[in-house]
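The block underneath contains the structure these notes are about, expressed in structure tokens.
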Amino acid sequence: MTVARIPLAGVIGSPVAHSRSPLLHGHWLRRYGLPGHYIPMEIAPDRLEAAMRMLPDLGFVGVNVTIPYKEKMMEIADLVSDRATLIGAANTIIFRQDGRIHADNTDGYGFIENLRQGAPDWDPKAGPAMLFGAGGAARAVIASLLKVGVPEIRISNRTRLRAEKLREDFGSRITVVEWVQAGNALEEAALVVNSTSLGMTGKPELRVPLDGLRSGTVVSDLVYVPLQTRLLRVAEEKGCTCVDGLGMLIHQAVPGFERWFGQRPEVDDETRAAVMP
């Protein structure tokens with residue numbers, strides 16, 4: 001009797017014990033009755049490339065990548081997708097049958113799918129987007145919003161130089177707004193996104209004046225601990241359509257799970273409950 005090799009996947013980072021990805025992928029494996037395991041792996045920086053080259057021989061079909069290795073993985077990979085190149089980081093790795101390491105980034109995909117699920121009436125062409133932050137998550141948000149046709153993205157970051165770099169990289173549809181003027185830019189925004197860690201448990205609050213938020217504006221916060229940040233709480237009080245960050249975490253995992261385990265998973269209330277912080 002021949003037993004097929006059980007596919008393995010996991011998440012690599014340092015630290016990685018906090019990751020909710022094992023809960024998510026474990027839930028989907030059980031739901032669909034699939035053979036496979038998904039495990040967290042903390043790997044030291046000086047062992048990262050050696051570990052990546054060894055994992056396929058151990059039965060791994062791919063891994064997710066989290067902080068601090070998303071950028072480093074771009075150097076290790078043999079193949080890099082166009083969207084990972086544009087964002088400058090990889091979060092999903094596929095080990096190909098020919099032995100090569102394929103790096104991709106599904107963060108932008110996860111962001112857009114979360115918006116579409118949480119705010120189904122959102123029209124990308126309805127008006128400008130206001131984005132707080134200029135880090136790696138911001139790059140994924142910008143790339144995805146430009147792709148779906150948002151006419152203008154206004155970026156405000158505490159360090160203006162980083163926001164200016166995004167305008168250089170992504171072009172004329174990017175406008176930089178001074179951090180002290182960010183609150184004034186909310187009135188015209190059809191979409192408001194926080195891509196910073198401000199508002200996360202243990203971090204300072206996002207102290208931008210929110211008086212300019214209008215009823216009907218779509219407001220998304222990538223923070224998901226807590227699920228309802230101050231930004232979302234105020235937005236809800238003003239009649240905005242609010243989209244929390246947990247859905248992005250879930251949706252970005254869909255393409256990798258499908259590629260590794262051969263089943264496209266559904267994102268529903270049961271899935272959210274499985275990974276709820």
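Chain lettering (A, B, ...) mirrors the order of the structure tokens, residue numbering begins at 1 for each chain separately, and ligand numbering begins at 1 in order of display.
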**Message:** Report as a PyMOL selection string all protein, DNA and RNA residues lying within 9 Å of Arg100 (chain A), evaluated on only C-alpha atoms, omitting residues in the same chain fewer than 5 positions from it.
**Reply:** chain A and resi 53+77-79+94-95
**Message:** For the strand (DSSP E) assignment from backbone DSSP, which residues of region 5-245 of chain A qualify? Please present them as an MDAnalysis selection string.
**Reply:** chainID A and resid 8:13 37:42 60:65 79:80 92:95 101:104 129:132 153:156 174:176 191:194 218:221 241:243
**Complete:** With distances taken over only C-alpha atoms, the candidate from A:Ile87, A:Ile174, A:Ile155, A:Leu166 nearest Gly136 (chain A) is A:Ile87
**Message:** List as a count of residues only the protein and nucleic acid residues near Trp260 (chain A), meaning an atom at most 7 Å away when only C-alpha atoms are counted, but skip any in the same chain fewer than 3 places from it.
**Reply:** 4
**Prompt:** Contacts of Arg139 (chain A) at 12 Å or less, counting only C-alpha atoms, minus same-chain residues fewer than 6 places along, as an MDAnalysis selection string?
**Reply:** chainID A and resid 83:90 105:108 111 131:133 145:146 153 155 162:163 165:167 169:170 174 195:196
Written file, previous selection with C-alpha atoms, as a tab-separated table (two decimals), in the first residue's frame:
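Contents of out-v8.tsv, freshly written:
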chain	number	residue	atom	x	y	z
A	83	ARG	CA	2.92	42.21	-7.59
A	84	ALA	CA	5.56	41.21	-5.05
A	85	THR	CA	8.10	43.23	-7.04
A	86	LEU	CA	5.80	46.25	-7.08
A	87	ILE	CA	5.16	46.03	-3.32
A	88	GLY	CA	8.78	45.20	-2.53
A	89	ALA	CA	7.98	42.31	-0.20
A	90	ALA	CA	6.74	38.71	-0.23
A	105	ASN	CA	2.49	38.94	-2.26
A	106	THR	CA	-1.22	38.49	-1.54
A	107	ASP	CA	-1.64	41.36	0.94
A	108	GLY	CA	-3.16	43.69	-1.67
A	111	PHE	CA	-7.17	44.04	1.33
A	131	LEU	CA	-4.30	56.53	3.50
A	132	PHE	CA	-2.51	56.83	6.83
A	133	GLY	CA	0.97	55.28	6.82
A	145	LEU	CA	-6.21	50.50	-5.06
A	146	LEU	CA	-4.48	51.75	-8.20
A	153	ILE	CA	-4.64	58.27	-3.21
A	155	ILE	CA	-1.04	59.65	1.74
A	162	ARG	CA	8.54	58.04	3.37
A	163	ALA	CA	5.29	59.28	1.86
A	165	LYS	CA	9.05	57.94	-1.69
A	166	LEU	CA	5.69	56.29	-2.36
A	167	ARG	CA	4.76	59.11	-4.73
A	169	ASP	CA	7.41	54.83	-6.81
A	170	PHE	CA	3.71	54.83	-7.70
A	174	ILE	CA	-0.42	59.80	-5.37
A	195	SER	CA	-2.20	51.07	7.46
A	196	THR	CA	-0.18	52.09	10.52
Spatial neighbours of Ala9 (chain A), 8 Å, only C-alpha atoms, chain gap at least 2 places, as a PDB file with C-alpha atoms, in the first residue's frame:
ATOM      1  CA  PRO A   7       1.609  18.304   2.217  1.00  0.00           C
ATOM      2  CA  VAL A  11       4.461  30.525   8.644  1.00  0.00           C
ATOM      3  CA  GLY A  36      -1.953  18.388   5.542  1.00  0.00           C
ATOM      4  CA  HIS A  37      -0.453  20.354   8.401  1.00  0.00           C
ATOM      5  CA  TYR A  38       0.344  24.048   8.901  1.00  0.00           C
ATOM      6  CA  ILE A  39       2.859  25.003  11.592  1.00  0.00           C
ATOM      7  CA  PHE A  60       6.744  21.511   2.531  1.00  0.00           C
ATOM      8  CA  VAL A  61       4.750  22.846  -0.418  1.00  0.00           C
ATOM      9  CA  GLY A  62       4.975  26.467   0.709  1.00  0.00           C
ATOM     10  CA  VAL A  63       5.049  28.941   3.576  1.00  0.00           C
ATOM     11  CA  ASN A  64       3.727  32.300   4.603  1.00  0.00           C
ATOM     12  CA  TRP A 260      -0.735  24.366  -1.403  1.00  0.00           C
TER      13      TRP A 260
END
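The nearest approach to Leu232 (chain A) among the residues A:Glu164, A:Asp244, A:Glu266, A:Glu113, with only C-alpha atoms taken into account, belongs to A:Asp244.
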**Message:** If we count only C-alpha atoms and set the cut-off at 8 Å, which residues sit around region 211-224 of chain A, ignoring sequence neighbours fewer than 3 positions away in its own chain? Please answer as a ChimeraX atom specification.
**Reply:** /A:115,119,122,183-187,189-197,199-200,227-229,231-232,235,238-246,248,277
Convert the current residue selection to file output with N, CA, C and O atoms, as a compact mmCIF listing (two decimals), in the first residue's frame.
# COMPACT_ATOMS: atom_id res chain seq x y z
N LEU A 115 -12.41 44.50 1.58
CA LEU A 115 -13.25 45.66 1.30
C LEU A 115 -14.53 45.25 0.58
O LEU A 115 -15.63 45.71 0.91
N ALA A 119 -17.76 45.96 2.52
CA ALA A 119 -18.44 47.15 1.97
C ALA A 119 -18.80 46.87 0.51
O ALA A 119 -18.21 47.43 -0.41
N TRP A 122 -19.09 49.59 -2.16
CA TRP A 122 -17.96 50.50 -2.41
C TRP A 122 -17.62 50.54 -3.90
O TRP A 122 -17.47 49.49 -4.55
N GLY A 183 -6.35 65.43 8.95
CA GLY A 183 -7.77 65.48 9.29
C GLY A 183 -8.58 66.29 8.29
O GLY A 183 -9.74 65.96 8.01
N ASN A 184 -7.97 67.33 7.73
CA ASN A 184 -8.68 68.18 6.77
C ASN A 184 -8.93 67.47 5.44
O ASN A 184 -9.79 67.91 4.67
N ALA A 185 -8.17 66.41 5.17
CA ALA A 185 -8.30 65.71 3.88
C ALA A 185 -9.39 64.65 3.90
O ALA A 185 -9.65 64.01 2.88
N LEU A 186 -10.02 64.46 5.06
CA LEU A 186 -11.01 63.39 5.18
C LEU A 186 -12.33 63.72 4.50
O LEU A 186 -13.04 62.82 4.04
N GLU A 187 -12.69 65.00 4.44
CA GLU A 187 -14.01 65.38 3.95
C GLU A 187 -14.27 64.89 2.53
O GLU A 187 -15.39 64.49 2.22
N ALA A 189 -12.77 62.37 1.01
CA ALA A 189 -12.37 60.97 0.80
C ALA A 189 -13.59 60.05 0.70
O ALA A 189 -14.49 60.10 1.53
N ALA A 190 -13.58 59.19 -0.31
CA ALA A 190 -14.61 58.15 -0.43
C ALA A 190 -14.20 56.91 0.36
O ALA A 190 -15.04 56.09 0.74
N LEU A 191 -12.89 56.79 0.59
CA LEU A 191 -12.34 55.66 1.33
C LEU A 191 -11.24 56.18 2.24
O LEU A 191 -10.39 56.97 1.82
N VAL A 192 -11.23 55.73 3.50
CA VAL A 192 -10.18 56.08 4.46
C VAL A 192 -9.57 54.78 4.98
O VAL A 192 -10.30 53.88 5.39
N VAL A 193 -8.23 54.70 4.95
CA VAL A 193 -7.55 53.47 5.36
C VAL A 193 -6.42 53.81 6.33
O VAL A 193 -5.60 54.68 6.06
N ASN A 194 -6.38 53.08 7.45
CA ASN A 194 -5.24 53.17 8.36
C ASN A 194 -4.35 51.96 8.15
O ASN A 194 -4.75 50.83 8.44
N SER A 195 -3.15 52.17 7.65
CA SER A 195 -2.20 51.07 7.46
C SER A 195 -1.08 51.11 8.49
O SER A 195 -0.13 50.33 8.40
N THR A 196 -1.18 52.02 9.46
CA THR A 196 -0.18 52.09 10.52
C THR A 196 -0.54 51.14 11.65
O THR A 196 -1.62 50.55 11.66
N SER A 197 0.35 51.02 12.64
CA SER A 197 0.04 50.22 13.83
C SER A 197 -0.62 51.06 14.92
O SER A 197 -0.94 50.55 15.99
N GLY A 199 -3.24 52.63 17.15
CA GLY A 199 -4.55 52.11 17.52
C GLY A 199 -4.53 50.66 17.92
O GLY A 199 -5.48 50.14 18.50
N MET A 200 -3.41 49.98 17.61
CA MET A 200 -3.26 48.59 18.01
C MET A 200 -3.06 48.49 19.52
O MET A 200 -2.51 49.41 20.14
N LEU A 227 -10.45 44.60 17.51
CA LEU A 227 -11.21 44.58 16.26
C LEU A 227 -11.80 45.95 15.95
O LEU A 227 -11.81 46.38 14.80
N GLN A 228 -12.31 46.63 16.98
CA GLN A 228 -12.84 47.98 16.77
C GLN A 228 -11.89 49.00 17.37
O GLN A 228 -11.84 49.21 18.58
N THR A 229 -11.12 49.64 16.53
CA THR A 229 -10.19 50.68 16.96
C THR A 229 -10.96 51.99 17.17
O THR A 229 -12.14 52.10 16.84
N LEU A 231 -10.55 54.65 15.48
CA LEU A 231 -10.93 55.10 14.14
C LEU A 231 -12.27 54.50 13.72
O LEU A 231 -13.17 55.20 13.25
N LEU A 232 -12.42 53.19 13.87
CA LEU A 232 -13.66 52.52 13.46
C LEU A 232 -14.83 52.89 14.37
O LEU A 232 -15.97 53.00 13.91
N ALA A 235 -15.89 56.34 13.30
CA ALA A 235 -16.48 56.23 11.97
C ALA A 235 -17.88 55.65 12.03
O ALA A 235 -18.80 56.12 11.33
N LYS A 238 -20.39 58.14 13.07
CA LYS A 238 -20.69 59.12 12.04
C LYS A 238 -21.42 58.53 10.83
O LYS A 238 -21.63 59.21 9.82
N GLY A 239 -21.78 57.25 10.92
CA GLY A 239 -22.55 56.64 9.85
C GLY A 239 -21.72 56.11 8.69
O GLY A 239 -22.26 55.88 7.59
N CYS A 240 -20.42 55.92 8.92
CA CYS A 240 -19.56 55.37 7.87
C CYS A 240 -19.75 53.86 7.77
O CYS A 240 -20.25 53.20 8.68
N THR A 241 -19.33 53.30 6.65
CA THR A 241 -19.28 51.85 6.48
C THR A 241 -17.91 51.39 6.96
O THR A 241 -16.89 51.78 6.40
N CYS A 242 -17.88 50.56 8.01
CA CYS A 242 -16.61 50.18 8.64
C CYS A 242 -16.18 48.78 8.27
O CYS A 242 -17.01 47.85 8.26
N VAL A 243 -14.88 48.62 7.99
CA VAL A 243 -14.31 47.33 7.64
C VAL A 243 -13.08 47.08 8.52
O VAL A 243 -12.09 47.80 8.41
N ASP A 244 -13.15 46.08 9.40
CA ASP A 244 -12.03 45.82 10.30
C ASP A 244 -10.91 45.06 9.59
O ASP A 244 -11.06 44.61 8.45
N GLY A 245 -9.79 44.90 10.29
CA GLY A 245 -8.60 44.33 9.66
C GLY A 245 -8.53 42.81 9.66
O GLY A 245 -7.68 42.24 8.97
N LEU A 246 -9.42 42.14 10.41
CA LEU A 246 -9.34 40.69 10.48
C LEU A 246 -9.60 40.02 9.14
O LEU A 246 -8.97 39.03 8.78
N MET A 248 -8.83 41.07 6.18
CA MET A 248 -7.66 41.11 5.30
C MET A 248 -6.72 39.96 5.61
O MET A 248 -6.18 39.31 4.71
N PRO A 277 -9.45 37.26 17.55
CA PRO A 277 -8.52 37.53 18.65
C PRO A 277 -9.24 37.66 19.99
O PRO A 277 -10.43 37.88 20.04
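For the choices A:Gly13, A:Lys147, A:Gln252, A:Trp28, the atom-to-atom distance to Ala51 (chain A) is smallest for A:Gly13 when using only C-alpha atoms.
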